[in-house]
Amino acid sequence: SQKIEQNSEALNIQEGKTATLTCNYTNYSPAYLQWYRQDPGRGPVFLLLIRENEKEKRKERLKVTFDTTLKQSLFHITASQPADSATYLCALGGGSYIPTFGRGTSLIVHP
Amino acid sequence: DVKVTQSSRYLVKRTGEKVFLECVQDMDHENMFWYRQDPGLGLRLIYFSYDVKMKEKGDIPEGYSVSREKKERFSLILESASTNQTSMYLCASSNAQGNTEAFFGQGTRLTVV
């Protein structure tokens, strides 16, 4: 069955450093991958989408890579700030329009 | 500013009650979704709809039903609430192309006592 894996342990980093979050998947050939941010008690908010034929996407301090051979996406936040502290979800989509979400990884940026 | 609005942020209901969770979107989206989110389990799809009066079961439809009488509104119904339905419920919408972003509501935290 399809499986999406994100680190269940929180990622703790110091302000100013680059945060890197991982999304791995198995038994899936997604056409695209999305990253969302979720704050406590709130709904997820879309950040970036990357398609299967794209290797890398950037938006301001955010960078996403997509390696369909390794079946992995990396999500980077450069020059991280305490305000970046949140849970980050990856979502994969294929032939249907229903994205499948990972369980998310919590990021904590310490001042 | 585009929006998905859920009718309640917090709800407390008794076991056995019929519960209605309402969701309205103002983006003219064809697709609408209901998820529940529990610690350690992530987002799980309950039902989705790709058009008015159309509905499809998601991964965990048992104990739930839905209604989509108008394009902008998607309702989740708990026919007889049980304590194991205590959860955060999230509504989302997206356009028909499907590979673009999903817009989520603010969530409804439902407690069944």
# chains A, B, ... in the order shown; residues from 1 in each chain; ligands from 1
$ closest_atom_pairs --of "chain B" --to "chain A" --cutoff "8 Å" --atoms "only C-alpha atoms" --output "Markdown table"
| residue | atom | partner | partner_atom | distance |
| --- | --- | --- | --- | --- |
| B:Gly40 | CA | A:Arg103 | CA | 6.9 |
| B:Leu41 | CA | A:Arg103 | CA | 6.3 |
| B:Gly42 | CA | A:Arg103 | CA | 4.1 |
| B:Leu43 | CA | A:Phe101 | CA | 6.3 |
| B:Arg44 | CA | A:Phe101 | CA | 8.0 |
| B:Leu90 | CA | A:Gly43 | CA | 6.6 |
| B:Ala96 | CA | A:Tyr97 | CA | 7.6 |
| B:Gln97 | CA | A:Tyr97 | CA | 7.1 |
| B:Gly98 | CA | A:Tyr97 | CA | 4.1 |
| B:Asn99 | CA | A:Tyr97 | CA | 6.2 |
| B:Thr100 | CA | A:Leu49 | CA | 7.5 |
| B:Glu101 | CA | A:Phe46 | CA | 6.1 |
| B:Ala102 | CA | A:Phe46 | CA | 6.9 |
| B:Phe103 | CA | A:Val45 | CA | 6.9 |
| B:Phe104 | CA | A:Gly43 | CA | 5.5 |
| B:Gly105 | CA | A:Gly43 | CA | 5.7 |
| B:Gln106 | CA | A:Gly43 | CA | 4.8 |
| B:Gly107 | CA | A:Gly43 | CA | 5.7 |
$ atom_distance --atom1 "CA of Ser87 in chain B" --atom2 "CA of Phe75 in chain A"
28.2 Å
$ residues_around --residues "Cys91 in chain B" --least-positions-apart "5" --cutoff "10 Å" --atoms "only C-alpha atoms" --output "PDB file with N, CA and C atoms, in the first residue's frame"
ATOM      1  N   GLY A  43      -5.823  25.054  10.463  1.00  0.00           N
ATOM      2  CA  GLY A  43      -5.747  24.222   9.275  1.00  0.00           C
ATOM      3  C   GLY A  43      -4.432  24.423   8.549  1.00  0.00           C
TER       4      GLY A  43
ATOM      5  N   VAL B   4     -12.083  29.390   3.226  1.00  0.00           N
ATOM      6  CA  VAL B   4     -12.895  28.238   3.565  1.00  0.00           C
ATOM      7  C   VAL B   4     -13.292  28.445   5.016  1.00  0.00           C
ATOM      8  N   THR B   5     -14.579  28.495   5.250  1.00  0.00           N
ATOM      9  CA  THR B   5     -15.074  28.818   6.583  1.00  0.00           C
ATOM     10  C   THR B   5     -15.840  27.640   7.158  1.00  0.00           C
ATOM     11  N   GLN B   6     -15.439  27.238   8.345  1.00  0.00           N
ATOM     12  CA  GLN B   6     -16.157  26.188   9.064  1.00  0.00           C
ATOM     13  C   GLN B   6     -17.020  26.836  10.137  1.00  0.00           C
ATOM     14  N   LEU B  21     -21.522  19.424  10.854  1.00  0.00           N
ATOM     15  CA  LEU B  21     -20.397  20.348  10.684  1.00  0.00           C
ATOM     16  C   LEU B  21     -20.520  20.957   9.287  1.00  0.00           C
ATOM     17  N   GLU B  22     -20.532  22.290   9.255  1.00  0.00           N
ATOM     18  CA  GLU B  22     -20.749  22.973   7.990  1.00  0.00           C
ATOM     19  C   GLU B  22     -19.468  23.616   7.479  1.00  0.00           C
ATOM     20  N   CYS B  23     -19.330  23.637   6.175  1.00  0.00           N
ATOM     21  CA  CYS B  23     -18.153  24.229   5.537  1.00  0.00           C
ATOM     22  C   CYS B  23     -18.609  24.991   4.297  1.00  0.00           C
ATOM     23  N   VAL B  24     -18.133  26.217   4.163  1.00  0.00           N
ATOM     24  CA  VAL B  24     -18.463  27.050   3.019  1.00  0.00           C
ATOM     25  C   VAL B  24     -17.182  27.613   2.410  1.00  0.00           C
ATOM     26  N   GLN B  25     -17.076  27.546   1.077  1.00  0.00           N
ATOM     27  CA  GLN B  25     -15.929  28.148   0.391  1.00  0.00           C
ATOM     28  C   GLN B  25     -16.410  29.180  -0.620  1.00  0.00           C
ATOM     29  N   MET B  32     -14.376  19.446  -2.815  1.00  0.00           N
ATOM     30  CA  MET B  32     -14.375  19.733  -1.383  1.00  0.00           C
ATOM     31  C   MET B  32     -14.124  18.444  -0.607  1.00  0.00           C
ATOM     32  N   PHE B  33     -13.488  18.591   0.545  1.00  0.00           N
ATOM     33  CA  PHE B  33     -13.013  17.434   1.315  1.00  0.00           C
ATOM     34  C   PHE B  33     -13.313  17.628   2.800  1.00  0.00           C
ATOM     35  N   TRP B  34     -13.518  16.509   3.474  1.00  0.00           N
ATOM     36  CA  TRP B  34     -13.544  16.497   4.931  1.00  0.00           C
ATOM     37  C   TRP B  34     -12.483  15.525   5.431  1.00  0.00           C
ATOM     38  N   TYR B  35     -11.628  16.036   6.330  1.00  0.00           N
ATOM     39  CA  TYR B  35     -10.590  15.238   6.986  1.00  0.00           C
ATOM     40  C   TYR B  35     -10.815  15.281   8.494  1.00  0.00           C
ATOM     41  N   ARG B  36     -10.291  14.256   9.167  1.00  0.00           N
ATOM     42  CA  ARG B  36     -10.103  14.383  10.606  1.00  0.00           C
ATOM     43  C   ARG B  36      -8.617  14.216  10.899  1.00  0.00           C
ATOM     44  N   LEU B  45      -8.728  11.153   5.309  1.00  0.00           N
ATOM     45  CA  LEU B  45      -9.844  11.604   4.489  1.00  0.00           C
ATOM     46  C   LEU B  45     -11.111  10.824   4.841  1.00  0.00           C
ATOM     47  N   TYR B  47     -14.607  11.933   3.592  1.00  0.00           N
ATOM     48  CA  TYR B  47     -15.395  11.979   2.367  1.00  0.00           C
ATOM     49  C   TYR B  47     -14.877  13.113   1.496  1.00  0.00           C
ATOM     50  N   PHE B  48     -15.150  13.013   0.209  1.00  0.00           N
ATOM     51  CA  PHE B  48     -14.900  14.141  -0.673  1.00  0.00           C
ATOM     52  C   PHE B  48     -16.016  14.251  -1.704  1.00  0.00           C
ATOM     53  N   PHE B  74     -20.397  22.229   1.896  1.00  0.00           N
ATOM     54  CA  PHE B  74     -20.190  20.780   2.062  1.00  0.00           C
ATOM     55  C   PHE B  74     -20.348  20.479   3.544  1.00  0.00           C
ATOM     56  N   SER B  75     -21.320  19.663   3.872  1.00  0.00           N
ATOM     57  CA  SER B  75     -21.652  19.375   5.264  1.00  0.00           C
ATOM     58  C   SER B  75     -21.231  17.966   5.642  1.00  0.00           C
ATOM     59  N   LEU B  76     -20.702  17.838   6.833  1.00  0.00           N
ATOM     60  CA  LEU B  76     -20.349  16.537   7.397  1.00  0.00           C
ATOM     61  C   LEU B  76     -21.337  16.238   8.511  1.00  0.00           C
ATOM     62  N   ALA B 102      -4.682  22.893  -1.986  1.00  0.00           N
ATOM     63  CA  ALA B 102      -5.925  22.755  -1.240  1.00  0.00           C
ATOM     64  C   ALA B 102      -5.987  23.879  -0.214  1.00  0.00           C
ATOM     65  N   PHE B 103      -7.155  24.492  -0.096  1.00  0.00           N
ATOM     66  CA  PHE B 103      -7.375  25.533   0.897  1.00  0.00           C
ATOM     67  C   PHE B 103      -8.159  24.913   2.053  1.00  0.00           C
ATOM     68  N   PHE B 104      -7.640  25.116   3.233  1.00  0.00           N
ATOM     69  CA  PHE B 104      -8.263  24.515   4.413  1.00  0.00           C
ATOM     70  C   PHE B 104      -9.015  25.560   5.243  1.00  0.00           C
ATOM     71  N   GLY B 105     -10.050  25.097   5.904  1.00  0.00           N
ATOM     72  CA  GLY B 105     -10.700  25.901   6.920  1.00  0.00           C
ATOM     73  C   GLY B 105      -9.887  25.905   8.208  1.00  0.00           C
ATOM     74  N   GLN B 106     -10.380  26.626   9.192  1.00  0.00           N
ATOM     75  CA  GLN B 106      -9.639  26.787  10.439  1.00  0.00           C
ATOM     76  C   GLN B 106      -9.780  25.574  11.356  1.00  0.00           C
ATOM     77  N   GLY B 107     -10.671  24.655  11.009  1.00  0.00           N
ATOM     78  CA  GLY B 107     -10.832  23.453  11.805  1.00  0.00           C
ATOM     79  C   GLY B 107     -11.928  23.577  12.845  1.00  0.00           C
ATOM     80  N   THR B 108     -12.552  22.458  13.146  1.00  0.00           N
ATOM     81  CA  THR B 108     -13.535  22.360  14.225  1.00  0.00           C
ATOM     82  C   THR B 108     -13.054  21.285  15.187  1.00  0.00           C
TER      83      THR B 108
END
$ select_by_dssp --residues "range 40-71 of chain B" --states "strand (DSSP E or B)" --output "ChimeraX atom specification"
/B:42-49,56-57,64-70
$ closest_residue --among "B:Asp51, B:Asp38, B:Glu30, B:Glu17" --to "Met88 in chain B" --atoms "only C-alpha atoms"
B:Asp38
